[in-house]
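Asker: One structure follows; several queries about it will come next.
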Amino acid sequence: MPSQQTIDLVKATVPALRAHGEAITTHFYQSMFRDFPAVKAFFNQAHQANGSQPRALAGAVLAYAAHIDRLEEIAPALPAIIQKHVSLGIAPEHYPIVGQCLLRAIREVLGEAATDDILAAWAEAYGELAALLIAAEEKVYADTAAQPGGWRGTRRFVVARRVRESDEILSLHLRPEDGGALPAWLPGQYIALVLDIGGATLRRNYSLSAAPGGDGLRISVKRQAGGVASNWLHDQAVEGTVLAVTPPAGEFTLAEGSRPLLFITAGVGITPALAMLEAAAPAGRRIGFVHAARTPAVAAFRARIEAIAAAHAGVTPRFRYSATAADAPEHGRIDAAALAGLLPADGAVDVYLLGPAPFMREMLGLLDTLGVARERVRVEFFGPKEALAG
Ligand SMILES: Cc1cc2nc3c(=O)[nH]c(=O)nc-3n(C[C@H](O)[C@H](O)[C@H](O)COP(=O)(O)OP(=O)(O)OC[C@H]3O[C@@H](n4cnc5c(N)ncnc54)[C@H](O)[C@@H]3O)c2cc1C
Ligand code: HEM
């Protein structure tokens, strides 16, 4: 625990820094990417351009600072950060770089108010948080590598099969090139691909879209207009291509137990939910699986979901298409009618929600009106976490 003087100084400056959150993050990332280009390769530049990553990191540091004497309040936010860092291969030597650039940003934002005492207090506070994350991340790296079939860093996987799932979504079946075993992993988790494209190294996360148990891993990638990795995977990752893959990670995973499940997904957000559905259906759980897409042509996995429902009486699938003709079957957005009969009267349900942030906000509002408590709803983001409250 830092000294009381450090706690007081850090907490006293949080409001000023929060008020200038944007300035901090702009300074921070600009100077870090300028002075430490090797670190830049870890960050998805699209998340910089839309501001989601700068907001996530600055938000986490400020939340930590505001709760520096009550760390239990921010503890629930840490596993997602740790898992994301581990998936991307963040190492202890990166932390001083982030710390140095963050302190410089704080100095520039606070101006003359940034006394030596204040900067020293922030350095100490950052150091504590960094030490906590480094230790937790090292434990995950070591535990993962020690598992049967586990590894650390990247492992070479061969594209064994490509399957077109819709006009936009392509599945890649990946097998370890060394023919070795795979570690145990949990449905809902993701891997990262480390790709060299056009002379640059990129890291991209992809959820595992089939339940554990086979001899490989499956990812399902949506082709994004202007997207570097997704277009490369669609166009260049042919059968036989070798990809560098990090171990499965992530904490958006299926809760144990027998409670009914409700999956609500949009677009390619279906991927981790499908792996969870495949794992949960044979256990006889009552499951609602509600999926939204713009049109049937871009929607993936409908036949697979219907086959699971046909084989398991507890599974009820529903589909909605927002961009079809108004009188087309299943036209429209997911609404109360689409969820009718899928929510137990006592509200004891585990909801898994994944899609674009505006979709998730809309669905949280709908679930509120249907009386589902927020703590029953788990969300995942295909990018840095964003605020969904409201
Ligand atoms: C945990 C997790 C799981 C995921 N699972 C899946 C999955 O199962 N399937 C899947 O398809 N995706 C998944 N993703 C998303 C995936 O990681 C990639 O973000 C996605 O494939 C897009 O990458 P890209 O390189 O093709 O696009 P990028 O090159 O990152 O671009 C994304 C978009 O931003 C725009 N853009 C890029 N740079 C800029 C800029 N400087 N200014 C303005 N606009 C810009 C591009 O035009 C494009 O529209 C997941 C992400 C996470 C974090
Ligand atoms: C105390 C220090 C740090 C804090 C509080 C922090 C916080 C965060 C948060 C909140 C996220 C978003 C997680 C999510 O919602 O997915 C994140 C992601 C990330 N962090 Fe950190 N981080 C720290 C240090 C570092 C360091 C040292 C690096 C290495 C350069 C790093 C690299 C990344 C990357 C690459 C991502 C994913 C970015 C993306 O999706 O574009 N972080 N971090």
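As shown in the structure tokens, the chain order sets the letters A, B, ...; within each chain, residues go from 1, and ligands are also counted from 1 in the order they appear.
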Residues at most 9 Å from ligand 1, using only C-alpha atoms and all ligand atoms? Could they come as a PyMOL selection string?
Answerer: chain A and resi 44-50+84+169-170+189-193+202-209+219-233+249-250+252+268-272+380-385
Asker: With N, CA and C atoms retained, write the just-selected residues as a short mmCIF file (atom, residue, chain, number, x, y, z; two decimals), in the first residue's frame.
Answerer:
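The resulting result.cif:
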data_model
loop_
_atom_site.label_atom_id
_atom_site.label_comp_id
_atom_site.auth_asym_id
_atom_site.auth_seq_id
_atom_site.Cartn_x
_atom_site.Cartn_y
_atom_site.Cartn_z
N ASN A 44 -3.77 -2.18 -31.83
CA ASN A 44 -4.58 -2.13 -33.04
C ASN A 44 -4.85 -0.66 -33.35
N GLN A 45 -4.32 -0.18 -34.46
CA GLN A 45 -4.41 1.26 -34.74
C GLN A 45 -5.84 1.71 -35.00
N ALA A 46 -6.72 0.77 -35.41
CA ALA A 46 -8.13 1.16 -35.59
C ALA A 46 -8.73 1.54 -34.23
N HIS A 47 -8.28 0.89 -33.15
CA HIS A 47 -8.80 1.21 -31.82
C HIS A 47 -8.23 2.54 -31.32
N GLN A 48 -7.09 2.94 -31.88
CA GLN A 48 -6.56 4.27 -31.58
C GLN A 48 -7.39 5.31 -32.31
N ALA A 49 -7.66 5.01 -33.59
CA ALA A 49 -8.36 6.00 -34.42
C ALA A 49 -9.76 6.27 -33.86
N ASN A 50 -10.44 5.23 -33.36
CA ASN A 50 -11.79 5.50 -32.84
C ASN A 50 -11.77 5.86 -31.36
N LYS A 84 -6.39 -9.96 -21.72
CA LYS A 84 -6.12 -9.30 -23.00
C LYS A 84 -4.61 -9.10 -23.17
N ILE A 169 -18.42 -14.02 -43.75
CA ILE A 169 -17.69 -14.71 -42.67
C ILE A 169 -17.08 -16.02 -43.18
N LEU A 170 -15.78 -16.17 -42.88
CA LEU A 170 -15.01 -17.33 -43.32
C LEU A 170 -14.44 -18.02 -42.08
N GLN A 189 -13.51 -18.33 -25.09
CA GLN A 189 -12.17 -17.71 -25.11
C GLN A 189 -11.72 -17.39 -26.55
N TYR A 190 -10.65 -16.62 -26.64
CA TYR A 190 -10.12 -16.17 -27.93
C TYR A 190 -8.62 -16.44 -27.99
N ILE A 191 -8.08 -16.40 -29.20
CA ILE A 191 -6.63 -16.46 -29.40
C ILE A 191 -6.21 -15.12 -30.03
N ALA A 192 -4.91 -14.94 -30.20
CA ALA A 192 -4.45 -13.83 -31.04
C ALA A 192 -3.62 -14.43 -32.17
N LEU A 193 -3.74 -13.83 -33.34
CA LEU A 193 -2.85 -14.15 -34.45
C LEU A 193 -1.82 -13.04 -34.51
N LEU A 202 1.17 -7.29 -37.03
CA LEU A 202 -0.14 -6.95 -36.46
C LEU A 202 -0.55 -8.05 -35.51
N ARG A 203 -1.26 -7.67 -34.46
CA ARG A 203 -1.86 -8.67 -33.56
C ARG A 203 -3.36 -8.49 -33.59
N ARG A 204 -4.07 -9.59 -33.80
CA ARG A 204 -5.54 -9.51 -33.82
C ARG A 204 -6.11 -10.69 -33.04
N ASN A 205 -7.12 -10.41 -32.22
CA ASN A 205 -7.81 -11.46 -31.47
C ASN A 205 -8.94 -12.05 -32.29
N TYR A 206 -9.11 -13.37 -32.17
CA TYR A 206 -10.29 -14.03 -32.76
C TYR A 206 -10.83 -15.04 -31.76
N SER A 207 -12.15 -14.99 -31.55
CA SER A 207 -12.80 -15.94 -30.64
C SER A 207 -12.75 -17.32 -31.26
N LEU A 208 -12.70 -18.33 -30.41
CA LEU A 208 -12.76 -19.70 -30.92
C LEU A 208 -14.24 -20.03 -31.12
N SER A 209 -14.59 -20.42 -32.34
CA SER A 209 -16.01 -20.51 -32.70
C SER A 209 -16.55 -21.94 -32.66
N ILE A 219 -11.47 -20.54 -35.97
CA ILE A 219 -11.86 -19.13 -35.86
C ILE A 219 -12.74 -18.80 -37.06
N SER A 220 -13.57 -17.77 -36.90
CA SER A 220 -14.48 -17.37 -37.98
C SER A 220 -14.39 -15.86 -38.11
N VAL A 221 -13.93 -15.43 -39.28
CA VAL A 221 -13.50 -14.04 -39.46
C VAL A 221 -14.44 -13.32 -40.41
N LYS A 222 -14.91 -12.15 -39.97
CA LYS A 222 -15.72 -11.32 -40.85
C LYS A 222 -14.80 -10.42 -41.67
N ARG A 223 -15.06 -10.36 -42.97
CA ARG A 223 -14.29 -9.45 -43.82
C ARG A 223 -14.78 -8.02 -43.53
N GLN A 224 -13.86 -7.17 -43.06
CA GLN A 224 -14.23 -5.80 -42.71
C GLN A 224 -13.76 -4.88 -43.82
N ALA A 225 -14.63 -3.98 -44.26
CA ALA A 225 -14.23 -3.04 -45.31
C ALA A 225 -13.00 -2.26 -44.83
N GLY A 226 -11.92 -2.30 -45.59
CA GLY A 226 -10.71 -1.56 -45.22
C GLY A 226 -9.89 -2.22 -44.12
N GLY A 227 -10.32 -3.38 -43.63
CA GLY A 227 -9.59 -4.03 -42.52
C GLY A 227 -8.38 -4.79 -43.03
N VAL A 228 -7.23 -4.58 -42.38
CA VAL A 228 -5.98 -5.16 -42.88
C VAL A 228 -5.96 -6.68 -42.66
N ALA A 229 -6.15 -7.11 -41.41
CA ALA A 229 -5.99 -8.54 -41.11
C ALA A 229 -7.12 -9.37 -41.71
N SER A 230 -8.35 -8.90 -41.57
CA SER A 230 -9.48 -9.75 -42.01
C SER A 230 -9.43 -9.95 -43.52
N ASN A 231 -9.07 -8.92 -44.27
CA ASN A 231 -8.99 -9.10 -45.73
C ASN A 231 -7.83 -10.01 -46.10
N TRP A 232 -6.74 -9.89 -45.36
CA TRP A 232 -5.59 -10.77 -45.64
C TRP A 232 -5.98 -12.22 -45.36
N LEU A 233 -6.66 -12.46 -44.23
CA LEU A 233 -7.05 -13.83 -43.89
C LEU A 233 -8.01 -14.39 -44.94
N ALA A 249 -7.26 -17.45 -24.37
CA ALA A 249 -7.34 -16.58 -23.18
C ALA A 249 -8.72 -15.95 -23.15
N GLY A 250 -9.02 -15.25 -22.07
CA GLY A 250 -10.27 -14.51 -21.99
C GLY A 250 -11.14 -15.02 -20.86
N PHE A 252 -14.65 -14.23 -20.75
CA PHE A 252 -16.07 -14.28 -21.16
C PHE A 252 -16.37 -15.76 -21.42
N VAL A 268 -20.92 -10.92 -36.44
CA VAL A 268 -19.86 -11.90 -36.15
C VAL A 268 -19.70 -12.12 -34.64
N GLY A 269 -20.40 -11.35 -33.83
CA GLY A 269 -20.43 -11.56 -32.37
C GLY A 269 -20.96 -12.93 -32.00
N ILE A 270 -21.48 -13.65 -32.97
CA ILE A 270 -21.99 -15.01 -32.72
C ILE A 270 -20.88 -16.00 -32.34
N THR A 271 -19.61 -15.70 -32.71
CA THR A 271 -18.57 -16.74 -32.65
C THR A 271 -18.38 -17.38 -31.27
N PRO A 272 -18.12 -16.60 -30.20
CA PRO A 272 -17.91 -17.29 -28.91
C PRO A 272 -19.19 -17.93 -28.40
N GLU A 380 -19.16 -9.09 -23.92
CA GLU A 380 -17.80 -9.17 -24.46
C GLU A 380 -17.71 -8.12 -25.57
N PHE A 381 -16.50 -7.65 -25.81
CA PHE A 381 -16.27 -6.65 -26.86
C PHE A 381 -15.24 -7.18 -27.83
N PHE A 382 -15.45 -6.94 -29.11
CA PHE A 382 -14.42 -7.28 -30.10
C PHE A 382 -13.46 -6.10 -30.26
N GLY A 383 -13.06 -5.54 -29.16
CA GLY A 383 -12.13 -4.41 -29.10
C GLY A 383 -12.08 -4.03 -27.64
N PRO A 384 -11.46 -2.90 -27.32
CA PRO A 384 -11.41 -2.49 -25.91
C PRO A 384 -12.82 -2.32 -25.34
N LYS A 385 -12.95 -2.63 -24.06
CA LYS A 385 -14.27 -2.49 -23.43
C LYS A 385 -14.70 -1.03 -23.48
#
Asker: Range 374-378 of chain A: which residues within 9 Å, counting only C-alpha atoms, same-chain residues fewer than 4 positions away excluded, as a list in words?
Answerer: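 My reading of the contact set: Phe252, Gly347, Ala348, Val349, Asp350, Val351, Tyr352, Leu353, Leu354, Leu364, Leu367 and Asp368 of chain A.
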Asker: Which residues, written as a list of chain:residue names, have at least one atom at most 9 Å from Gly89 in chain A, with only C-alpha atoms counted and residues fewer than 5 positions away on the same chain left out?
Answerer: A:Phe42, A:Lys84, A:Tyr141, A:Arg152, A:Gly153, A:Thr154, A:Thr246
Asker: So that I can see what lies close to range 286-299 of chain A, please list as a ChimeraX atom specification the residues with an atom at most 8 Å from it, counting only C-alpha atoms and leaving out residues fewer than 3 positions away in the same chain.
Answerer: /A:165-169,259-267,270,277,281,302,314-324,333-334,338-339,342
Asker: So which one's closest to Ala237 in chain A, A:Ala123, A:Ala275, A:Ser171, A:Gly332? Using only C-alpha atoms, please.
Answerer: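 When distances to Ala237 in chain A are compared using only C-alpha atoms, the smallest one comes from A:Ser171.
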Asker: If I take atom 17 (C, counted along the ligand's line) of ligand 2 and CA of Glu251 in chain A, how far is one from the other in Å, to one decimal?
Answerer: 14.1 Å
Asker: Rank A:Leu103, A:Ala326, A:Val163, A:Leu88 by their smallest atom-to-atom distance to Ala244 in chain A, using only C-alpha atoms, and report the top residue only.
Answerer: A:Leu88
Asker: Between A:Ile197, A:Val140, A:Ala279, A:Ala113, which is the closest to Leu9 in chain A once you count only C-alpha atoms?
Answerer: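 With only C-alpha atoms as the atom set, the closest residue is A:Ala113.
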Asker: Excluding same-chain residues fewer than 2 positions from Arg104 in chain A, what lies within 12 Å of it counting only C-alpha atoms, as a ChimeraX atom specification?
Answerer: /A:23-32,97-102,106-111,114,119-120,122-123
Asker: What does the file look like for those residues with N, CA, C and O atoms, as a short mmCIF file (atom, residue, chain, number, x, y, z; two decimals), in the first residue's frame?
Answerer:
data_model
loop_
_atom_site.label_atom_id
_atom_site.label_comp_id
_atom_site.auth_asym_id
_atom_site.auth_seq_id
_atom_site.Cartn_x
_atom_site.Cartn_y
_atom_site.Cartn_z
N ALA A 23 -6.88 14.88 -23.47
CA ALA A 23 -5.54 15.45 -23.65
C ALA A 23 -4.48 14.48 -23.15
O ALA A 23 -3.44 14.30 -23.78
N ILE A 24 -4.75 13.83 -22.02
CA ILE A 24 -3.77 12.86 -21.48
C ILE A 24 -3.53 11.77 -22.50
O ILE A 24 -2.39 11.44 -22.83
N THR A 25 -4.62 11.19 -22.98
CA THR A 25 -4.45 10.02 -23.83
C THR A 25 -3.81 10.41 -25.14
O THR A 25 -3.01 9.67 -25.69
N THR A 26 -4.12 11.59 -25.65
CA THR A 26 -3.50 12.02 -26.91
C THR A 26 -2.00 12.16 -26.71
O THR A 26 -1.21 11.61 -27.47
N HIS A 27 -1.61 12.89 -25.67
CA HIS A 27 -0.17 13.04 -25.37
C HIS A 27 0.48 11.69 -25.20
O HIS A 27 1.54 11.41 -25.73
N PHE A 28 -0.18 10.87 -24.41
CA PHE A 28 0.39 9.59 -24.01
C PHE A 28 0.69 8.73 -25.23
O PHE A 28 1.82 8.30 -25.45
N TYR A 29 -0.34 8.49 -26.04
CA TYR A 29 -0.13 7.58 -27.17
C TYR A 29 0.77 8.20 -28.23
O TYR A 29 1.61 7.52 -28.81
N GLN A 30 0.59 9.52 -28.49
CA GLN A 30 1.44 10.12 -29.52
C GLN A 30 2.91 9.98 -29.15
O GLN A 30 3.74 9.57 -29.95
N SER A 31 3.23 10.31 -27.89
CA SER A 31 4.65 10.27 -27.53
C SER A 31 5.15 8.83 -27.46
O SER A 31 6.28 8.54 -27.85
N MET A 32 4.30 7.92 -27.00
CA MET A 32 4.75 6.53 -26.89
C MET A 32 5.00 5.92 -28.28
O MET A 32 6.02 5.28 -28.51
N ILE A 97 7.84 1.66 -20.06
CA ILE A 97 7.62 2.54 -21.23
C ILE A 97 6.27 3.24 -21.09
O ILE A 97 6.16 4.46 -21.21
N VAL A 98 5.25 2.44 -20.79
CA VAL A 98 3.91 3.03 -20.60
C VAL A 98 3.95 4.02 -19.44
O VAL A 98 3.41 5.12 -19.51
N GLY A 99 4.64 3.63 -18.35
CA GLY A 99 4.70 4.49 -17.16
C GLY A 99 5.36 5.82 -17.47
O GLY A 99 4.84 6.89 -17.10
N GLN A 100 6.47 5.77 -18.17
CA GLN A 100 7.21 7.00 -18.50
C GLN A 100 6.34 7.92 -19.37
O GLN A 100 6.28 9.13 -19.13
N CYS A 101 5.67 7.35 -20.35
CA CYS A 101 4.86 8.18 -21.25
C CYS A 101 3.62 8.71 -20.54
O CYS A 101 3.17 9.83 -20.80
N LEU A 102 3.10 7.92 -19.62
CA LEU A 102 1.92 8.38 -18.86
C LEU A 102 2.30 9.54 -17.94
O LEU A 102 1.58 10.55 -17.85
N ILE A 106 0.85 13.30 -17.89
CA ILE A 106 0.28 13.93 -16.69
C ILE A 106 0.94 15.29 -16.45
O ILE A 106 0.28 16.29 -16.17
N ARG A 107 2.26 15.32 -16.64
CA ARG A 107 2.99 16.59 -16.43
C ARG A 107 2.48 17.63 -17.40
O ARG A 107 2.22 18.78 -17.05
N GLU A 108 2.29 17.23 -18.64
CA GLU A 108 1.88 18.23 -19.65
C GLU A 108 0.44 18.68 -19.42
O GLU A 108 0.12 19.84 -19.63
N VAL A 109 -0.41 17.78 -18.96
CA VAL A 109 -1.81 18.17 -18.75
C VAL A 109 -1.95 19.05 -17.51
O VAL A 109 -2.66 20.05 -17.52
N LEU A 110 -1.25 18.70 -16.44
CA LEU A 110 -1.39 19.50 -15.21
C LEU A 110 -0.57 20.79 -15.26
O LEU A 110 -0.80 21.71 -14.48
N GLY A 111 0.39 20.85 -16.16
CA GLY A 111 1.21 22.07 -16.29
C GLY A 111 1.96 22.35 -15.00
O GLY A 111 2.50 21.43 -14.37
N ALA A 114 1.83 20.38 -11.68
CA ALA A 114 2.48 19.07 -11.52
C ALA A 114 3.81 19.24 -10.78
O ALA A 114 4.88 19.35 -11.39
N LEU A 119 4.27 14.24 -9.11
CA LEU A 119 4.77 13.29 -10.11
C LEU A 119 5.36 12.05 -9.43
O LEU A 119 5.17 10.92 -9.91
N ALA A 120 6.02 12.26 -8.31
CA ALA A 120 6.59 11.11 -7.59
C ALA A 120 5.46 10.22 -7.07
O ALA A 120 5.56 8.98 -7.10
N TRP A 122 2.47 9.86 -8.39
CA TRP A 122 1.90 9.12 -9.53
C TRP A 122 2.83 7.99 -9.98
O TRP A 122 2.38 6.92 -10.35
N ALA A 123 4.13 8.26 -9.95
CA ALA A 123 5.09 7.21 -10.34
C ALA A 123 4.95 6.02 -9.42
O ALA A 123 4.95 4.86 -9.85
#
Asker: Just the alpha helix (DSSP H) stuff from range 25-83 of chain A, please, per backbone DSSP, written as a VMD selection string.
Answerer: chain A and resid 25 to 35 37 to 40 45 to 49 52 to 66 78 to 83
Asker: Using only C-alpha atoms, pick whichever of A:Ile82, A:Ile90, A:Ala328, A:Leu186 has the shortest atom-to-atom distance to Ala136 in chain A.
Answerer: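 Under the stated criterion, the closest residue is A:Ile82.
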Asker: Just asking: which residues within range 22-222 of chain A are strand (DSSP E) according to DSSP, as a VMD selection string?
Answerer: chain A and resid 155 to 164 169 to 176 190 to 197 200 to 207 217 to 222
Asker: Tell me which protein, DNA and RNA residues are within 12 Å of Ala311 in chain A, counting only C-alpha atoms, leaving out same-chain ones fewer than 6 positions away, and put them as a count of residues only.
Answerer: 7
Asker: Ranking A:Ala184, A:Leu78, A:Leu132, A:Ala58 by minimum distance to Ala105 in chain A and counting only C-alpha atoms, which one comes first?
Answerer: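 Ranked by minimum distance to Ala105 in chain A, first place goes to A:Ala58.
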Asker: Can you work out the spacing between atom 3 (C, counted along the ligand's line) of ligand 2 and CA of Thr144 in chain A in Å, to one decimal?
Answerer: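 Spanning atom 3 (C, counted along the ligand's line) of ligand 2 to CA of Thr144 in chain A is a straight-line distance of 21.3 Å.
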